[in-house]
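Engineer: Input coords17.cif, format and content: mmCIF, C-alpha atoms.
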```
data_start
#
loop_
_atom_site.group_PDB
_atom_site.id
_atom_site.type_symbol
_atom_site.label_atom_id
_atom_site.label_comp_id
_atom_site.auth_asym_id
_atom_site.auth_seq_id
_atom_site.Cartn_x
_atom_site.Cartn_y
_atom_site.Cartn_z
ATOM 1 C CA THR I 1 -7.143 42.231 -7.852
ATOM 2 C CA ASP I 2 -8.123 39.812 -10.547
ATOM 3 C CA GLU I 3 -4.570 38.619 -11.029
ATOM 4 C CA ASP I 4 -2.724 36.715 -8.344
ATOM 5 C CA ALA I 5 0.956 37.519 -8.163
ATOM 6 C CA GLU I 6 3.225 34.506 -8.358
ATOM 7 C CA PRO I 7 4.888 34.041 -4.967
ATOM 8 C CA GLU I 8 8.660 34.148 -4.879
ATOM 9 C CA LEU I 9 9.816 30.702 -3.755
ATOM 10 C CA LEU I 10 12.877 30.176 -1.629
ATOM 11 C CA VAL I 11 15.082 27.461 -3.045
ATOM 12 C CA ALA I 12 17.030 25.701 -0.319
ATOM 13 C CA ASP I 13 20.704 25.010 -0.834
ATOM 14 C CA PRO I 14 21.139 21.217 -1.221
ATOM 15 C CA ALA I 15 24.223 21.377 1.023
ATOM 16 C CA LEU I 16 22.073 22.755 3.856
ATOM 17 C CA GLU I 17 19.587 19.938 3.418
ATOM 18 C CA GLN I 18 22.356 17.344 3.435
ATOM 19 C CA GLY I 19 23.910 18.864 6.559
ATOM 20 C CA GLN I 20 20.566 18.844 8.375
ATOM 21 C CA CYS I 21 20.007 15.191 7.432
ATOM 22 C CA GLN I 22 23.446 14.305 8.799
ATOM 23 C CA ARG I 23 22.797 16.183 12.065
ATOM 24 C CA LEU I 24 19.472 14.378 12.439
ATOM 25 C CA ALA I 25 21.135 10.998 11.861
ATOM 26 C CA VAL I 26 23.742 11.761 14.557
ATOM 27 C CA PHE I 27 21.012 12.979 16.929
ATOM 28 C CA LYS I 28 19.035 9.761 16.465
ATOM 29 C CA ALA I 29 22.134 7.567 16.788
ATOM 30 C CA ASP I 30 23.128 9.196 20.093
ATOM 31 C CA ARG I 31 19.791 8.702 21.853
ATOM 32 C CA ASP I 32 18.374 5.679 23.667
ATOM 33 C CA ALA I 33 16.206 4.186 20.912
ATOM 34 C CA GLY I 34 14.482 1.785 23.287
ATOM 35 C CA LEU I 35 13.475 4.612 25.612
ATOM 36 C CA VAL I 36 12.190 6.685 22.685
ATOM 37 C CA ALA I 37 10.120 3.754 21.418
ATOM 38 C CA ALA I 38 8.682 3.130 24.893
ATOM 39 C CA ARG I 39 7.724 6.788 25.339
ATOM 40 C CA LEU I 40 6.102 6.892 21.891
ATOM 41 C CA ARG I 41 4.107 3.752 22.805
ATOM 42 C CA ASP I 42 2.995 5.481 26.018
ATOM 43 C CA LEU I 43 1.847 8.431 23.933
ATOM 44 C CA SER I 44 -0.084 6.201 21.529
ATOM 45 C CA ASP I 45 -1.696 4.353 24.442
ATOM 46 C CA ALA I 46 -2.781 7.638 26.034
ATOM 47 C CA ALA I 47 -4.201 8.831 22.710
ATOM 48 C CA ARG I 48 -6.223 5.623 22.332
ATOM 49 C CA GLY I 49 -7.677 6.036 25.809
ATOM 50 C CA THR I 50 -9.049 8.986 27.727
ATOM 51 C CA GLN I 51 -5.791 10.258 29.218
ATOM 52 C CA ASN I 52 -4.330 13.683 28.677
ATOM 53 C CA VAL I 53 -1.730 13.221 25.918
ATOM 54 C CA LEU I 54 0.321 16.246 27.008
ATOM 55 C CA TYR I 55 2.254 14.409 29.729
ATOM 56 C CA PRO I 56 3.308 11.381 27.664
ATOM 57 C CA MET I 57 4.093 13.744 24.789
ATOM 58 C CA LYS I 58 6.429 15.755 27.018
ATOM 59 C CA GLU I 59 8.101 12.546 28.195
ATOM 60 C CA ALA I 60 8.621 11.391 24.610
ATOM 61 C CA LEU I 61 10.218 14.723 23.757
ATOM 62 C CA ARG I 62 12.411 14.541 26.892
ATOM 63 C CA ALA I 63 13.577 11.126 25.639
ATOM 64 C CA ASN I 64 14.630 12.903 22.406
ATOM 65 C CA ALA I 65 11.794 11.795 20.170
ATOM 66 C CA THR I 66 11.533 14.163 17.229
ATOM 67 C CA LEU I 67 8.478 16.273 16.556
ATOM 68 C CA GLY I 68 7.879 14.167 13.452
ATOM 69 C CA GLU I 69 7.929 10.951 15.477
ATOM 70 C CA VAL I 70 5.498 12.397 18.026
ATOM 71 C CA SER I 71 3.239 13.588 15.206
ATOM 72 C CA ASP I 72 3.383 10.167 13.536
ATOM 73 C CA ALA I 73 2.396 8.451 16.799
ATOM 74 C CA LEU I 74 -0.641 10.718 17.085
ATOM 75 C CA ARG I 75 -1.520 10.358 13.390
ATOM 76 C CA GLN I 76 -1.563 6.571 13.750
ATOM 77 C CA VAL I 77 -4.279 6.921 16.384
ATOM 78 C CA PHE I 78 -6.278 9.921 15.197
ATOM 79 C CA GLY I 79 -5.581 9.855 11.471
ATOM 80 C CA THR I 80 -5.046 12.885 9.276
ATOM 81 C CA TYR I 81 -7.621 15.621 8.970
ATOM 82 C CA GLN I 82 -9.374 15.580 5.625
ATOM 83 C CA PRO I 83 -11.636 18.575 4.999
ATOM 84 C CA GLY I 84 -15.202 17.816 3.953
ATOM 85 C CA ARG I 85 -15.899 17.749 0.286
#
```
Could you quickly redo this structure as structure tokens?
Structural biologist:
Amino acid sequence: TDEDAEPELLVADPALEQGQCQRLAVFKADRDAGLVAARLRDLSDAARGTQNVLYPMKEALRANATLGEVSDALRQVFGTYQPGR
């Protein structure tokens, strides 16, 4: 068709967002921050070298690093994909 239908957007309840932020804060407070930082450093070191990053990634996640923290560690080494122009 020549006309694109406007997608129906889901609007999240602010109370749900606030609750998730609180749960994340508790999760991060209850973990060993030093261990998480060490495992994320191991991941970054593996990414800079020639090692398989899967094993240090799994260890970081076992130490309760979040997916966002793991992704940030990899982004710092590899950067963010930018499609060609």
Engineer: So, with only C-alpha atoms as the atoms that count, which of I:Asp30, I:Ala25, I:Pro56, I:Glu17 lies closest to I:Val70?
Structural biologist: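 Of I:Asp30, I:Ala25, I:Pro56, I:Glu17, the one nearest I:Val70 is I:Pro56, counting only C-alpha atoms.
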Engineer: Residues near I:Asp32, anyone? I mean within 9 Å using all atoms listed in the file, not counting same-chain ones fewer than 5 positions away, as a PDB file with C-alpha atoms, in the coordinates of the input.
Structural biologist:
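out.pdb, written as the output of this step:
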```pdb
ATOM      1  CA  ALA I  37      10.120   3.754  21.418  1.00  0.00           C
ATOM      2  CA  ALA I  63      13.577  11.126  25.639  1.00  0.00           C
ATOM      3  CA  ASN I  64      14.630  12.903  22.406  1.00  0.00           C
TER       4      ASN I  64
END
```
Engineer: Separation of atom CA of I:Leu61 and atom CA of I:Leu16, in Å?
Structural biologist: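 Distance reported for this atom pair: 24.5 Å.
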Engineer: Calculate, to one decimal in Å, the centre and edge lengths of the box along x, y and z of the file that holds all listed atoms of stretch 72-76 of chain I with 4 Å of margin on each side, and present them as AutoDock Vina command-line options.
Structural biologist:
```
--center_x 0.9 --center_y 8.6 --center_z 15.2 --size_x 12.9 --size_y 12.1 --size_z 11.7
```
Engineer: Point out the residue among I:Ala60, I:Leu74, I:Cys21, I:Val11 with the least atom-to-atom distance to I:Leu35, counting only C-alpha atoms.
Structural biologist: I:Ala60
Engineer: Which of these, I:Val77, I:Met57, I:Leu10, I:Leu24, has the shortest distance to I:Arg39 once you count only C-alpha atoms?
Structural biologist: I:Met57
Engineer: I'd like the neighbourhood of I:Gln76 as a PDB file with C-alpha atoms, in the coordinates of the input, where a residue qualifies if any of its atoms comes within 12 Å (using only C-alpha atoms), though same-chain residues fewer than 3 positions away should be ignored.
Structural biologist:
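around_11.pdb, written as the output of this step:
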```
ATOM      1  CA  LEU I  40       6.102   6.892  21.891  1.00  0.00           C
ATOM      2  CA  ARG I  41       4.107   3.752  22.805  1.00  0.00           C
ATOM      3  CA  LEU I  43       1.847   8.431  23.933  1.00  0.00           C
ATOM      4  CA  SER I  44      -0.084   6.201  21.529  1.00  0.00           C
ATOM      5  CA  ASP I  45      -1.696   4.353  24.442  1.00  0.00           C
ATOM      6  CA  ALA I  47      -4.201   8.831  22.710  1.00  0.00           C
ATOM      7  CA  ARG I  48      -6.223   5.623  22.332  1.00  0.00           C
ATOM      8  CA  GLU I  69       7.929  10.951  15.477  1.00  0.00           C
ATOM      9  CA  VAL I  70       5.498  12.397  18.026  1.00  0.00           C
ATOM     10  CA  SER I  71       3.239  13.588  15.206  1.00  0.00           C
ATOM     11  CA  ASP I  72       3.383  10.167  13.536  1.00  0.00           C
ATOM     12  CA  ALA I  73       2.396   8.451  16.799  1.00  0.00           C
ATOM     13  CA  GLY I  79      -5.581   9.855  11.471  1.00  0.00           C
ATOM     14  CA  THR I  80      -5.046  12.885   9.276  1.00  0.00           C
ATOM     15  CA  TYR I  81      -7.621  15.621   8.970  1.00  0.00           C
TER      16      TYR I  81
END
```
Engineer: Provide the atom CA of I:Lys28 to atom CA of I:Ala65 distance in Å, to one decimal place.
Structural biologist: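 Pair atom CA of I:Lys28 / atom CA of I:Ala65 returns 8.4 Å.
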Engineer: Between atom CA of I:Arg62 and atom CA of I:Arg31, what is the distance in Å, rounded to a tenth?
Structural biologist: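 Computing the Euclidean distance for atom CA of I:Arg62 and atom CA of I:Arg31 yields 10.7 Å.
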